[in-house]
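**Student:** I'd like to ask some things about the structure below.
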Amino acid sequence: MSTQHQFKILSLDGGGIRGVIPCRILEFIEQQTRPVGNVFDLIAGTSTGGIIALGLSKPDADGRNAYSASDMLDLYQDFGKVIFKKRKGKGWINGFISSFSDTLDTVTDQVFDPAGLEKQLLERFGDTRLREAITQVLITTYEIQKGKTFYFQSRLAHTSEAENLLMREIARSTSAAPTYFTPSVVKVEGKDQGFVDGGVFANNPSVLAYGEAKELWKRRQGTLGFEPDVLPDDNDLPFFMLSIGTGDSSDSIPLEEAKKWDTGDWIKPLLDSVFMRSVSESTHFTMQHLLPKYTDQTPRYVRLNPPIPKKHAEMSDASDENIQALIAIADEYIEQNKKDLLTICEYLRN
């Protein structure tokens with residue numbers, strides 16, 4: 001094993017149906033290496049990335065990886081329309097922020113019925129719990145009653161029953177995107193807790209994955225306790241992080257159009273574009289400083305995020321045409337960057 005890359009981290013962004021893109025890239029990586037759950041020491045994910053992360057770390061009856069990247073891609077191809085099935089009437093967010101403006105009605109009518117998503121999660125994860133993951137996992141969400149961020153961590157699940165929740169509950173919680181799905185309600189220590197999509201604060205969970213990796217690495221070395229400060233010896237952390245986005249769409253907002261918007265008009269663009277993209281970009285900027293290249297220019301952090309046209313950027317467009325377009329975008333990106341991707345695979349094999 002290379003002394004440079006002793007601890008490998010995979011970070012997966014949120015992005016709804018655009019999860020097709022990281023699945024396709026990971027499919028290529030698996031063809032060159034091994035099942036993703038056997039390659040990485042830690043997999044972190046938000047929203048659709050959280051579902052993929054859990055799928056790739058779920059064990060089968062023999063303790064091996066239950067699902068490949070191809071299997072997770074099939075979830076989007078075969079059941080995207082079921083997952084993103086619109087329902088009649090207004091969604092939960094109307095009651096949550098109705099004091100802002102009556103114009104929110106046009107937004108809340110777009111909430112999807114979570115029954116399709118929950119059915120697919122039940123079929124794929126059953127009663128498997130977080131503690132059973134074949135590699136370390138970190139999944140983001142936001143606890144709405146306490147108004148605070150919340151992380152599902154397999155490390156904690158090994159020592160606490162309260163943290164050892166069902167994978168399907170965690171997947172539902174991290175993907176409960178406001179204006180798309182109702183909050184997830186999970187019973188924790190006998191009390192109901194409400195969770196929404198981790199993308200509201202960490203659509204790109206790379207920094208959180210870095211923090212968790214530091215803790216796991218220290219424990220592996222026999223040094224317990226997480227120190228959040230960035231210390232000089234961080235330059236010697238033998239990490240390799242692969243961060244994969246769900247596509248970068250230059251979805252700018254025309255100024256003249258925005259001048260006419262009221263509160264309701266702003267909600268969906270803010271959630272879909274402004275928050276997601278700005279958080280992902282700022283996280284990418286930070287990670288380049290937290291995990292700079294080694295002195296020999298070997299990378300410790302790589303970000304893959306193909307550009308996608310605006311017409312294919314809608315996170316809930318599960319039409320066959322859009323899914324095939326997303327696959328084509330990923331395939332073109334893989335072909336254009338094959339040399340770099342093969343180098344990444346070499347790092348992952350060592």
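In the structure tokens, the first chain shown is A, the next is B, and so on; residue numbers restart at 1 for each chain, and ligands run from 1 in the order shown.
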Env of His158 (chain A): 12 Å cut, atoms = only C-alpha atoms, seq-sep filter 6 positions within chain, self excluded. Answer as a ChimeraX atom specification.

**Tutor:** /A:129-133,135-137,152,164-165

**Student:** Please, could you write that set of residues out with all heavy atoms as an mmCIF file, in the first residue's frame?

**Tutor:**
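Resulting contents of out_1.cif:
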```
data_model
loop_
_atom_site.group_PDB
_atom_site.id
_atom_site.type_symbol
_atom_site.label_atom_id
_atom_site.label_comp_id
_atom_site.auth_asym_id
_atom_site.auth_seq_id
_atom_site.Cartn_x
_atom_site.Cartn_y
_atom_site.Cartn_z
ATOM 1 N N ARG A 129 -29.217 -2.378 9.363
ATOM 2 C CA ARG A 129 -28.925 -1.209 10.197
ATOM 3 C C ARG A 129 -27.537 -0.645 9.894
ATOM 4 O O ARG A 129 -26.682 -1.315 9.299
ATOM 5 C CB ARG A 129 -29.041 -1.567 11.680
ATOM 6 C CG ARG A 129 -30.482 -1.865 12.084
ATOM 7 C CD ARG A 129 -30.663 -2.022 13.584
ATOM 8 N NE ARG A 129 -32.081 -2.209 13.907
ATOM 9 C CZ ARG A 129 -32.940 -1.214 14.129
ATOM 10 N NH1 ARG A 129 -32.499 0.038 14.111
ATOM 11 N NH2 ARG A 129 -34.198 -1.457 14.401
ATOM 12 N N LEU A 130 -27.341 0.574 10.312
ATOM 13 C CA LEU A 130 -26.122 1.310 9.988
ATOM 14 C C LEU A 130 -24.872 0.586 10.479
ATOM 15 O O LEU A 130 -23.831 0.609 9.825
ATOM 16 C CB LEU A 130 -26.200 2.721 10.584
ATOM 17 C CG LEU A 130 -25.072 3.683 10.246
ATOM 18 C CD1 LEU A 130 -24.917 3.844 8.741
ATOM 19 C CD2 LEU A 130 -25.319 5.044 10.891
ATOM 20 N N ARG A 131 -24.971 -0.068 11.622
ATOM 21 C CA ARG A 131 -23.822 -0.768 12.195
ATOM 22 C C ARG A 131 -23.302 -1.866 11.272
ATOM 23 O O ARG A 131 -22.136 -2.247 11.341
ATOM 24 C CB ARG A 131 -24.226 -1.369 13.548
ATOM 25 C CG ARG A 131 -23.100 -2.061 14.298
ATOM 26 C CD ARG A 131 -23.628 -2.666 15.586
ATOM 27 N NE ARG A 131 -24.106 -1.633 16.499
ATOM 28 C CZ ARG A 131 -24.823 -1.887 17.590
ATOM 29 N NH1 ARG A 131 -25.180 -3.140 17.878
ATOM 30 N NH2 ARG A 131 -25.205 -0.896 18.383
ATOM 31 N N GLU A 132 -24.145 -2.367 10.394
ATOM 32 C CA GLU A 132 -23.780 -3.482 9.528
ATOM 33 C C GLU A 132 -23.030 -3.050 8.268
ATOM 34 O O GLU A 132 -22.586 -3.909 7.495
ATOM 35 C CB GLU A 132 -25.032 -4.262 9.141
ATOM 36 C CG GLU A 132 -25.816 -4.821 10.309
ATOM 37 C CD GLU A 132 -27.142 -5.416 9.886
ATOM 38 O OE1 GLU A 132 -27.126 -6.343 9.040
ATOM 39 O OE2 GLU A 132 -28.195 -4.948 10.370
ATOM 40 N N ALA A 133 -22.888 -1.766 8.037
ATOM 41 C CA ALA A 133 -22.224 -1.273 6.826
ATOM 42 C C ALA A 133 -20.841 -1.891 6.675
ATOM 43 O O ALA A 133 -20.106 -2.052 7.657
ATOM 44 C CB ALA A 133 -22.111 0.248 6.873
ATOM 45 N N THR A 135 -18.284 -0.670 5.233
ATOM 46 C CA THR A 135 -17.232 0.330 5.416
ATOM 47 C C THR A 135 -17.817 1.466 6.246
ATOM 48 O O THR A 135 -19.015 1.490 6.524
ATOM 49 C CB THR A 135 -16.719 0.844 4.059
ATOM 50 O OG1 THR A 135 -15.535 1.629 4.268
ATOM 51 C CG2 THR A 135 -17.761 1.701 3.338
ATOM 52 N N GLN A 136 -16.983 2.386 6.675
ATOM 53 C CA GLN A 136 -17.475 3.506 7.477
ATOM 54 C C GLN A 136 -18.323 4.438 6.617
ATOM 55 O O GLN A 136 -18.006 4.682 5.441
ATOM 56 C CB GLN A 136 -16.309 4.281 8.089
ATOM 57 C CG GLN A 136 -15.478 3.491 9.079
ATOM 58 C CD GLN A 136 -16.195 3.248 10.400
ATOM 59 O OE1 GLN A 136 -17.246 3.840 10.682
ATOM 60 N NE2 GLN A 136 -15.640 2.374 11.229
ATOM 61 N N VAL A 137 -19.398 4.955 7.213
ATOM 62 C CA VAL A 137 -20.353 5.784 6.478
ATOM 63 C C VAL A 137 -20.696 7.031 7.274
ATOM 64 O O VAL A 137 -20.804 6.976 8.513
ATOM 65 C CB VAL A 137 -21.649 4.990 6.186
ATOM 66 C CG1 VAL A 137 -22.654 5.853 5.433
ATOM 67 C CG2 VAL A 137 -21.349 3.732 5.389
ATOM 68 N N PHE A 152 -25.606 10.928 10.531
ATOM 69 C CA PHE A 152 -25.682 9.504 10.813
ATOM 70 C C PHE A 152 -24.293 8.935 10.546
ATOM 71 O O PHE A 152 -23.801 8.998 9.418
ATOM 72 C CB PHE A 152 -26.713 8.828 9.914
ATOM 73 C CG PHE A 152 -28.109 9.363 10.076
ATOM 74 C CD1 PHE A 152 -28.644 10.228 9.131
ATOM 75 C CD2 PHE A 152 -28.888 9.005 11.167
ATOM 76 C CE1 PHE A 152 -29.936 10.712 9.259
ATOM 77 C CE2 PHE A 152 -30.174 9.497 11.310
ATOM 78 C CZ PHE A 152 -30.700 10.354 10.363
ATOM 79 N N ASN A 164 -27.793 3.500 15.917
ATOM 80 C CA ASN A 164 -27.822 2.353 15.022
ATOM 81 C C ASN A 164 -29.196 2.217 14.356
ATOM 82 O O ASN A 164 -29.928 1.248 14.554
ATOM 83 C CB ASN A 164 -27.481 1.078 15.795
ATOM 84 C CG ASN A 164 -27.276 -0.117 14.880
ATOM 85 O OD1 ASN A 164 -26.820 0.023 13.748
ATOM 86 N ND2 ASN A 164 -27.610 -1.300 15.375
ATOM 87 N N LEU A 165 -29.541 3.184 13.527
ATOM 88 C CA LEU A 165 -30.850 3.224 12.894
ATOM 89 C C LEU A 165 -30.878 2.376 11.624
ATOM 90 O O LEU A 165 -29.845 1.947 11.115
ATOM 91 C CB LEU A 165 -31.208 4.674 12.566
ATOM 92 C CG LEU A 165 -31.277 5.621 13.772
ATOM 93 C CD1 LEU A 165 -31.499 7.042 13.307
ATOM 94 C CD2 LEU A 165 -32.364 5.191 14.734
#
```

**Student:** Which one is closest to Leu54 (chain A): A:Ile327, A:Leu290, A:Ala69, A:Met315? Count only C-alpha atoms.

**Tutor:**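 Closest candidate: A:Ala69.
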
**Student:** Would you list, as a list in words, the residues of region 46-183 of chain A that end up in strand (DSSP E or B) under DSSP run on this structure's backbone?

**Tutor:**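 Put together, the selection reads Pro59, Asn65, Lys86, Phe112, Arg129, Gln136, Val137, Leu138, Ile139, Thr140, Thr141, Tyr142, Glu143, Lys148, Thr149, Phe150, Tyr151, Phe152, Gln153 and Leu166 of chain A.
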
**Student:** Which polymer residues have any atom within 10 Å of an atom of Phe7 (chain A), counting only C-alpha atoms, with same-chain residues fewer than 3 positions away left out, as a PyMOL selection string?

**Tutor:** chain A and resi 2-4+39-42+213-214+216-217+237-241+348

**Student:** Go through A:Gln31, A:Thr246, A:Thr128, A:Gln77 one by one, measure the shortest atom-to-atom distance of each to Gly63 (chain A) using only C-alpha atoms, and give the residue with the smallest value.

**Tutor:** A:Thr128

**Student:** Do you know which residues are at most 9 Å from Leu121 (chain A) counting only C-alpha atoms, after dropping those on the same chain fewer than 6 positions away, and could you put them as a PDB file with C-alpha atoms, in the first residue's frame?

**Tutor:**
```
ATOM      1  CA  ILE A  51     -28.763   6.863  -0.782  1.00  0.00           C
ATOM      2  CA  MET A 167     -30.470   2.259   6.641  1.00  0.00           C
ATOM      3  CA  ARG A 168     -33.812   2.875   4.936  1.00  0.00           C
ATOM      4  CA  GLU A 169     -34.747   5.415   7.631  1.00  0.00           C
ATOM      5  CA  ALA A 171     -31.818   7.181   3.351  1.00  0.00           C
ATOM      6  CA  ARG A 172     -35.316   8.645   3.635  1.00  0.00           C
TER       7      ARG A 172
END
```
